[in-house]
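Enquirer: Got input-v2.cif for you, mmCIF, C-alpha atoms and all ligand atoms:
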```cif
data_upload
#
loop_
_atom_site.label_atom_id
_atom_site.label_comp_id
_atom_site.auth_asym_id
_atom_site.auth_seq_id
_atom_site.Cartn_x
_atom_site.Cartn_y
_atom_site.Cartn_z
CA MET A 15 0.00 0.00 0.00
CA ASN A 16 1.20 3.57 -0.79
CA GLN A 17 2.31 5.62 2.20
CA ASN A 18 1.83 8.83 0.26
CA PRO A 19 -1.87 9.73 -0.30
CA ALA A 20 -0.85 11.76 -3.38
CA LEU A 21 -0.28 8.45 -5.13
CA ASP A 22 -3.73 7.04 -4.40
CA TYR A 23 -5.04 8.76 -7.49
CA LEU A 24 -4.41 11.61 -9.88
CA SER A 25 -6.78 14.47 -10.65
CA ALA A 26 -6.61 17.71 -12.59
CA SER A 27 -6.58 19.78 -9.38
CA ARG A 28 -3.80 17.66 -7.86
CA LEU A 29 -1.70 17.96 -10.99
CA LYS A 30 -2.27 21.70 -11.28
CA SER A 31 -1.46 22.31 -7.63
CA PHE A 32 1.68 20.15 -7.88
CA LEU A 33 2.89 22.07 -10.93
CA SER A 34 2.29 25.53 -9.45
CA CYS A 35 4.13 24.92 -6.14
CA ARG A 36 5.16 21.53 -4.79
CA LEU A 37 5.32 22.78 -1.21
CA LYS A 38 1.79 24.17 -1.32
CA PHE A 39 0.68 20.88 -2.89
CA TYR A 40 2.33 19.04 -0.01
CA TYR A 41 0.48 21.12 2.61
CA GLU A 42 -2.81 20.93 0.75
CA LYS A 43 -2.98 17.46 -0.75
CA VAL A 44 -0.53 15.33 1.24
CA LEU A 45 -0.86 16.74 4.77
CA LYS A 46 -4.40 18.00 4.02
CA LEU A 47 -3.95 21.03 6.28
CA PRO A 48 -7.12 23.09 6.69
CA ALA A 49 -7.16 26.52 5.06
CA PRO A 50 -9.86 29.21 5.45
CA SER A 51 -12.21 29.61 2.49
CA SER A 52 -12.01 32.87 0.56
CA PRO A 53 -15.20 34.80 -0.31
CA ASN A 54 -14.63 34.08 -4.03
CA LEU A 55 -14.30 30.35 -3.39
CA GLN A 56 -17.41 30.43 -1.21
CA ILE A 57 -19.48 32.21 -3.91
CA GLY A 58 -18.15 29.84 -6.58
CA LYS A 59 -19.07 26.72 -4.57
CA ALA A 60 -22.57 27.98 -3.76
CA VAL A 61 -23.22 29.01 -7.40
CA HIS A 62 -22.13 25.50 -8.43
CA ALA A 63 -24.65 24.06 -5.97
CA GLY A 64 -27.39 26.21 -7.56
CA LEU A 65 -26.42 25.01 -11.04
CA GLU A 66 -26.34 21.42 -9.82
CA ALA A 67 -29.88 21.78 -8.44
CA LEU A 68 -31.04 23.28 -11.75
CA HIS A 69 -29.54 20.55 -13.94
CA LYS A 70 -30.65 17.71 -11.68
CA ALA A 71 -34.21 19.04 -11.76
CA GLN A 72 -34.08 19.40 -15.57
CA TRP A 73 -32.72 15.86 -15.86
CA GLU A 74 -35.44 14.42 -13.64
CA GLY A 75 -38.25 16.55 -15.14
CA GLN A 76 -38.77 18.36 -11.81
CA PRO A 77 -39.66 22.08 -11.34
CA HIS A 78 -36.67 24.33 -11.80
CA ASP A 79 -37.96 27.89 -11.69
CA THR A 80 -35.74 30.76 -10.57
CA ASP A 81 -36.96 30.71 -6.95
CA THR A 82 -36.23 26.97 -6.57
CA VAL A 83 -32.69 27.38 -7.91
CA LEU A 84 -31.96 30.48 -5.81
CA LYS A 85 -33.20 28.68 -2.71
CA ALA A 86 -30.80 25.79 -3.41
CA TYR A 87 -28.03 28.38 -3.79
CA GLU A 88 -28.84 30.12 -0.49
CA ASP A 89 -29.14 26.83 1.40
CA ALA A 90 -25.78 25.69 0.03
CA TYR A 91 -24.22 29.07 0.91
CA THR A 92 -25.27 28.69 4.56
CA SER A 93 -24.27 25.05 4.94
CA LEU A 94 -20.89 25.56 3.22
CA GLU A 95 -20.15 28.38 5.66
CA ALA A 96 -20.99 26.13 8.58
CA GLU A 97 -18.68 23.36 7.30
CA ASP A 98 -15.85 25.60 6.24
CA PRO A 99 -15.62 29.11 7.82
CA VAL A 100 -15.03 31.95 5.37
CA ASP A 101 -12.45 34.66 5.93
CA TYR A 102 -14.38 37.69 4.54
CA GLY A 103 -11.57 40.14 5.30
CA ASN A 104 -12.85 43.59 4.28
CA LYS A 105 -15.71 42.12 2.24
CA ASP A 106 -19.29 42.07 3.40
CA ARG A 107 -21.10 38.72 3.68
CA GLU A 108 -24.45 40.03 2.39
CA SER A 109 -22.94 41.60 -0.70
CA CYS A 110 -21.04 38.35 -1.44
CA LEU A 111 -24.31 36.42 -1.09
CA GLU A 112 -26.01 38.89 -3.44
CA THR A 113 -23.18 38.71 -6.01
CA GLY A 114 -23.69 34.96 -6.34
CA LYS A 115 -27.44 35.37 -6.62
CA ARG A 116 -27.11 38.00 -9.35
CA THR A 117 -24.68 35.82 -11.26
CA LEU A 118 -26.90 32.76 -11.05
CA ARG A 119 -29.90 34.80 -12.18
CA ALA A 120 -27.95 35.88 -15.29
CA PHE A 121 -27.39 32.21 -16.14
CA LEU A 122 -31.08 31.43 -15.61
CA GLU A 123 -31.97 34.23 -18.04
CA SER A 124 -29.46 33.09 -20.68
CA ASP A 125 -30.07 30.80 -23.68
CA LEU A 126 -27.88 28.15 -22.06
CA VAL A 127 -30.63 27.21 -19.68
CA ASN A 128 -32.60 25.84 -22.65
CA ASP A 129 -29.71 23.88 -24.21
CA PRO A 130 -31.53 21.17 -26.20
CA ARG A 131 -28.78 18.54 -25.81
CA PRO A 132 -29.88 15.78 -23.44
CA ILE A 133 -28.30 15.63 -19.99
CA ARG A 134 -26.37 12.42 -19.31
CA GLY A 135 -24.94 13.30 -15.92
CA VAL A 136 -24.72 16.02 -13.27
CA GLU A 137 -21.73 16.26 -10.91
CA VAL A 138 -20.53 12.92 -12.22
CA THR A 139 -17.62 11.28 -10.43
CA LEU A 140 -15.54 9.32 -12.93
CA ARG A 141 -12.57 7.05 -12.30
CA ARG A 142 -10.25 5.57 -14.89
CA GLU A 143 -7.94 2.75 -13.96
CA ASP A 144 -6.04 0.96 -16.73
CA ASP A 145 -2.58 0.41 -18.20
CA GLU A 146 -2.62 3.81 -19.90
CA LEU A 147 -1.80 5.62 -16.64
CA PRO A 148 0.50 4.63 -13.75
CA ILE A 149 -2.12 5.51 -11.08
CA PRO A 150 -5.93 5.90 -11.29
CA LEU A 151 -7.37 9.13 -12.66
CA LEU A 152 -10.32 10.69 -10.86
CA GLY A 153 -12.54 13.63 -11.78
CA VAL A 154 -15.92 15.18 -11.09
CA VAL A 155 -17.57 16.64 -14.19
CA ASP A 156 -20.10 19.43 -13.53
CA LEU A 157 -22.41 18.47 -16.40
CA VAL A 158 -22.42 16.01 -19.30
CA ARG A 159 -24.70 16.82 -22.25
CA GLU A 160 -24.66 14.15 -24.99
CA ASN A 161 -20.95 13.34 -25.13
CA THR A 162 -19.68 16.76 -24.03
CA ALA A 163 -18.16 17.54 -20.63
CA ILE A 164 -19.15 21.02 -19.45
CA ASP A 165 -17.40 22.87 -16.65
CA PHE A 166 -18.71 26.05 -14.99
CA LYS A 167 -16.32 28.72 -13.78
CA THR A 168 -17.28 31.75 -11.73
CA VAL A 169 -14.81 34.53 -12.48
CA GLY A 170 -14.39 38.16 -11.42
CA ALA A 171 -13.66 39.67 -14.86
CA THR A 172 -14.36 38.92 -18.50
CA PRO A 173 -11.92 36.14 -19.40
CA ASP A 174 -9.46 36.09 -22.27
CA LEU A 175 -10.66 32.86 -23.87
CA LYS A 176 -7.32 31.90 -25.47
CA GLU A 177 -5.53 32.28 -22.14
CA GLU A 178 -8.22 30.32 -20.34
CA ALA A 179 -8.07 27.45 -22.83
CA TRP A 180 -4.30 27.31 -22.26
CA SER A 181 -4.51 27.38 -18.46
CA HIS A 182 -7.27 24.74 -18.28
CA GLU A 183 -5.61 22.30 -20.67
CA LEU A 184 -4.87 19.70 -17.99
CA GLN A 185 -8.46 19.69 -16.76
CA MET A 186 -9.79 19.28 -20.31
CA ILE A 187 -7.43 16.34 -21.01
CA CYS A 188 -8.54 14.66 -17.77
CA TYR A 189 -12.20 15.07 -18.80
CA PHE A 190 -11.45 13.70 -22.26
CA LEU A 191 -9.74 10.58 -20.84
CA LEU A 192 -12.44 10.03 -18.21
CA LEU A 193 -15.39 10.47 -20.56
CA ALA A 194 -13.85 8.29 -23.28
CA ASP A 195 -13.34 5.54 -20.70
CA ALA A 196 -16.83 5.85 -19.19
CA THR A 197 -18.78 5.96 -22.44
CA GLY A 198 -16.57 3.96 -24.82
CA GLU A 199 -17.12 6.82 -27.32
CA LEU A 200 -14.87 9.59 -28.60
CA PRO A 201 -15.95 12.64 -26.53
CA ALA A 202 -16.75 15.95 -28.19
CA PRO A 203 -14.42 18.84 -27.23
CA ALA A 204 -15.15 20.01 -23.70
CA GLU A 205 -16.89 23.31 -22.97
CA LEU A 206 -16.20 25.95 -20.37
CA VAL A 207 -19.04 28.21 -19.27
CA TYR A 208 -17.93 31.40 -17.53
CA LEU A 209 -20.25 33.12 -15.10
CA VAL A 210 -18.71 36.57 -14.82
CA LYS A 211 -19.51 38.20 -11.46
CA THR A 212 -19.39 41.80 -12.68
CA LYS A 213 -22.04 44.33 -11.63
CA THR A 214 -23.99 43.34 -14.71
CA PRO A 215 -23.08 39.64 -14.83
CA LYS A 216 -22.31 37.89 -18.11
CA VAL A 217 -22.46 34.28 -19.21
CA ILE A 218 -19.93 33.14 -21.82
CA ARG A 219 -19.82 29.69 -23.39
CA HIS A 220 -16.49 28.56 -24.80
CA GLN A 221 -16.07 25.38 -26.80
CA LEU A 222 -12.46 24.25 -26.55
CA PRO A 223 -10.43 22.80 -29.41
CA THR A 224 -10.08 19.02 -29.77
CA ILE A 225 -7.26 17.49 -27.71
CA ASP A 226 -4.35 16.61 -30.00
CA LEU A 227 -1.61 13.98 -29.77
CA ILE A 228 1.03 16.48 -28.64
CA GLN A 229 -1.14 17.59 -25.69
CA MET A 230 -1.75 13.95 -24.80
CA GLU A 231 1.96 13.15 -24.85
CA ARG A 232 2.74 16.22 -22.70
CA PHE A 233 0.10 15.06 -20.24
CA ARG A 234 1.58 11.55 -19.96
CA ARG A 235 5.04 13.00 -19.30
CA LEU A 236 3.67 15.28 -16.59
CA VAL A 237 1.96 12.34 -14.95
CA ASP A 238 5.28 10.46 -14.88
CA VAL A 239 6.96 13.50 -13.25
CA TYR A 240 4.13 13.70 -10.69
CA VAL A 241 4.40 10.03 -9.74
CA ASP A 242 8.19 10.04 -9.59
CA ALA A 243 8.37 13.22 -7.45
CA ASN A 244 5.74 11.98 -5.01
CA GLN A 245 7.46 8.62 -4.65
CA ARG A 246 10.64 10.52 -3.76
CA GLN A 247 8.76 13.05 -1.59
CA GLU A 248 10.37 15.93 -3.48
CA TYR A 249 8.59 19.05 -2.24
CA TYR A 250 10.01 22.56 -2.20
CA PRO A 251 8.74 26.19 -2.36
CA SER A 252 8.34 27.96 -5.72
CA PRO A 253 7.92 31.66 -4.84
CA GLY A 254 6.04 33.74 -7.41
CA MET A 255 2.88 35.73 -8.07
CA HIS A 256 0.75 32.83 -6.83
CA CYS A 257 2.14 33.31 -3.27
CA ARG A 258 -0.16 36.35 -2.94
CA TRP A 259 -3.13 34.04 -2.58
CA CYS A 260 -1.38 31.25 -0.65
CA GLU A 261 -2.88 30.38 2.74
CA PHE A 262 0.36 28.71 3.87
CA ARG A 263 2.75 31.67 3.71
CA SER A 264 3.74 31.70 7.37
CA ARG A 265 4.27 27.94 7.35
CA CYS A 266 6.21 28.25 4.11
CA ARG A 267 8.47 30.92 5.62
CA ALA A 268 9.55 28.40 8.25
CA TRP A 269 10.19 25.66 5.69
CA GLY A 270 13.66 24.24 5.93
CA GLN A 271 13.63 24.04 9.71
CA LYS A 272 13.75 20.43 10.73
CA SER A 273 10.17 20.21 12.05
CA ASN A 274 8.72 21.87 8.93
CA ALA A 275 10.78 20.22 6.22
CA ALA A 276 8.85 18.14 3.72
S1 LIG B 301 3.95 30.90 -0.16
FE1 LIG B 301 4.42 30.51 -2.34
S2 LIG B 301 6.24 29.22 -2.28
FE2 LIG B 301 5.33 29.13 -0.26
S3 LIG B 301 3.99 27.34 -0.26
FE3 LIG B 301 2.74 29.11 -0.82
S4 LIG B 301 2.80 29.17 -3.04
FE4 LIG B 301 4.48 27.86 -2.39
#
```
What does the file become when written as structure tokens?
Expert:
Amino acid sequence: MNQNPALDYLSASRLKSFLSCRLKFYYEKVLKLPAPSSPNLQIGKAVHAGLEALHKAQWEGQPHDTDTVLKAYEDAYTSLEAEDPVDYGNKDRESCLETGKRTLRAFLESDLVNDPRPIRGVEVTLRREDDELPIPLLGVVDLVRENTAIDFKTVGATPDLKEEAWSHELQMICYFLLLADATGELPAPAELVYLVKTKTPKVIRHQLPTIDLIQMERFRRLVDVYVDANQRQEYYPSPGMHCRWCEFRSRCRAWGQKSNAA
């Protein structure tokens, strides 16, 4: 049995965290140290819960009017806060709650709510375990319509779609591999739907390009690096812009002392 929980399975978020800073990955995914939720994360999770309620109701032919979806959002907001306290800093709880509501309402008023493609899964947990990868691959897909994986992202500003496609490449490859394995079909290119939390919220649908062989080969090599580094327990800090949002800065500062060394 593996001693290192990072080797139990691979996921897009594990891989992304590992690549951005191995020490943060170690604190987050290996030691599983608790970190306070940020207001943006809290809004994003609760909006996701509202979307999940909407799509489940559509799938099951249940009522899914605006009030029902907003109630699911508010309930999720409250229970998420109880499970995982939010550090609001200088932000106000009520205005955060309202931002999510406004954003969700924009989605409910968009054409995407009447997407005619049949729903095949909502918040689907998929696991792939075969000779293609050295450890199992795990992922939760927000929504599957026909053979397309759809992921919802709540963002603070209008995204640059080319940049976003580049930065979410790993996640899209994981979805491609998971969906192909689960359905036995060649998946359609994945879609990202951005819910932009501006004063007048926007909803932007972005269909990503098909995954090519070069991307697939890059992915396999990264997986090998991930497995090898975790077997060797090679964790170290990678200071950069991302440190601004890191919850482990004080712990990181002490890294290198015997009791804190990875
Ligand atoms: S502060 Fe920066 S270098 Fe340190 S763990 Fe966090 S992300 Fe990594």
Enquirer: For a test of reading the model, state the distance in Å between CA of Tyr240 in chain A and CA of Leu24 in chain A, rounded to one decimal.
Expert: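 It comes out at 8.8 Å.
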Enquirer: List the spatial neighbours of Leu122 in chain A as a list in words - criterion: any atom at most 12 Å away, all atoms listed in the file, same-chain residues fewer than 6 positions off excluded.
Expert: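 The residues that qualify are Val61, Gly64, Leu65, Leu68, His69, His78, Asp79, Thr80, Asp81, Thr82, Val83, Leu84, Lys115, Arg116, Asn128, Asp129, Leu209, Pro215, Lys216 and Val217 of chain A.
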Enquirer: Those residues with C-alpha atoms, as a PDB file, in the frame of the given file please?
Expert:
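The resulting file, result03.pdb, is shown below:
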```pdb
ATOM      1  CA  VAL A  61     -23.220  29.010  -7.400  1.00  0.00           C
ATOM      2  CA  GLY A  64     -27.390  26.210  -7.560  1.00  0.00           C
ATOM      3  CA  LEU A  65     -26.420  25.010 -11.040  1.00  0.00           C
ATOM      4  CA  LEU A  68     -31.040  23.280 -11.750  1.00  0.00           C
ATOM      5  CA  HIS A  69     -29.540  20.550 -13.940  1.00  0.00           C
ATOM      6  CA  HIS A  78     -36.670  24.330 -11.800  1.00  0.00           C
ATOM      7  CA  ASP A  79     -37.960  27.890 -11.690  1.00  0.00           C
ATOM      8  CA  THR A  80     -35.740  30.760 -10.570  1.00  0.00           C
ATOM      9  CA  ASP A  81     -36.960  30.710  -6.950  1.00  0.00           C
ATOM     10  CA  THR A  82     -36.230  26.970  -6.570  1.00  0.00           C
ATOM     11  CA  VAL A  83     -32.690  27.380  -7.910  1.00  0.00           C
ATOM     12  CA  LEU A  84     -31.960  30.480  -5.810  1.00  0.00           C
ATOM     13  CA  LYS A 115     -27.440  35.370  -6.620  1.00  0.00           C
ATOM     14  CA  ARG A 116     -27.110  38.000  -9.350  1.00  0.00           C
ATOM     15  CA  ASN A 128     -32.600  25.840 -22.650  1.00  0.00           C
ATOM     16  CA  ASP A 129     -29.710  23.880 -24.210  1.00  0.00           C
ATOM     17  CA  LEU A 209     -20.250  33.120 -15.100  1.00  0.00           C
ATOM     18  CA  PRO A 215     -23.080  39.640 -14.830  1.00  0.00           C
ATOM     19  CA  LYS A 216     -22.310  37.890 -18.110  1.00  0.00           C
ATOM     20  CA  VAL A 217     -22.460  34.280 -19.210  1.00  0.00           C
TER      21      VAL A 217
END
```
Enquirer: Just the number, please: distance in Å from CA of Lys211 in chain A to CA of Thr113 in chain A, one decimal.
Expert: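 For CA of Lys211 in chain A relative to CA of Thr113 in chain A, the distance reads 6.6 Å.
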Enquirer: Go through A:Ser181, A:Gln247, A:Thr172, A:Ser252 and flag the residue nearest ligand LIG 301 (chain B), using all atoms listed in the file for the distances.
Expert: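 Using all atoms listed in the file, ligand LIG 301 (chain B) sits closest to A:Ser252.
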Enquirer: Which residue out of A:Glu261, A:Glu183, A:Asp174, A:Glu248 has the minimum interatomic distance to ligand LIG 301 (chain B) when only C-alpha atoms and all ligand atoms are used?
Expert: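 With only C-alpha atoms and all ligand atoms as the atom set, the closest residue is A:Glu261.
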Enquirer: Neighbours of ligand LIG 301 (chain B) within 6 Å, counting all atoms listed in the file, as a PyMOL selection string?
Expert: chain A and resi 35+37-38+251-253+256-257+260+262-263+266
Enquirer: Of the candidates A:Ser93, A:Gln56, A:Gln17, A:Thr224, which shows the shortest atom-to-atom distance to Leu111 in chain A, using only C-alpha atoms?
Expert: A:Gln56
Enquirer: Output as JSON the centre and edge lengths (Å, one decimal) of the box along x, y and z of the file that holds every listed atom of range 131-143 of chain A after adding 4 Å on each side.
Expert:
```
{"center_x": -18.9, "center_y": 10.6, "center_z": -18.1, "size_x": 29.9, "size_y": 23.8, "size_z": 23.4}
```
Enquirer: Find the residues with any atom within 12 Å of (-22.4, 17.2, -20.9); use only C-alpha atoms and the coordinates as given in the file, and write the answer as a VMD selection string.
Expert: chain A and resid 69 73 129 to 138 154 to 166 189 to 190 193 197 201 to 207 221
Enquirer: Find the residue from A:Gly254, A:Pro99, A:Gly58, A:Gly153 that sits nearest to Gln185 in chain A; use all atoms listed in the file when measuring.
Expert: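 Smallest distance to Gln185 in chain A is found for A:Gly153.
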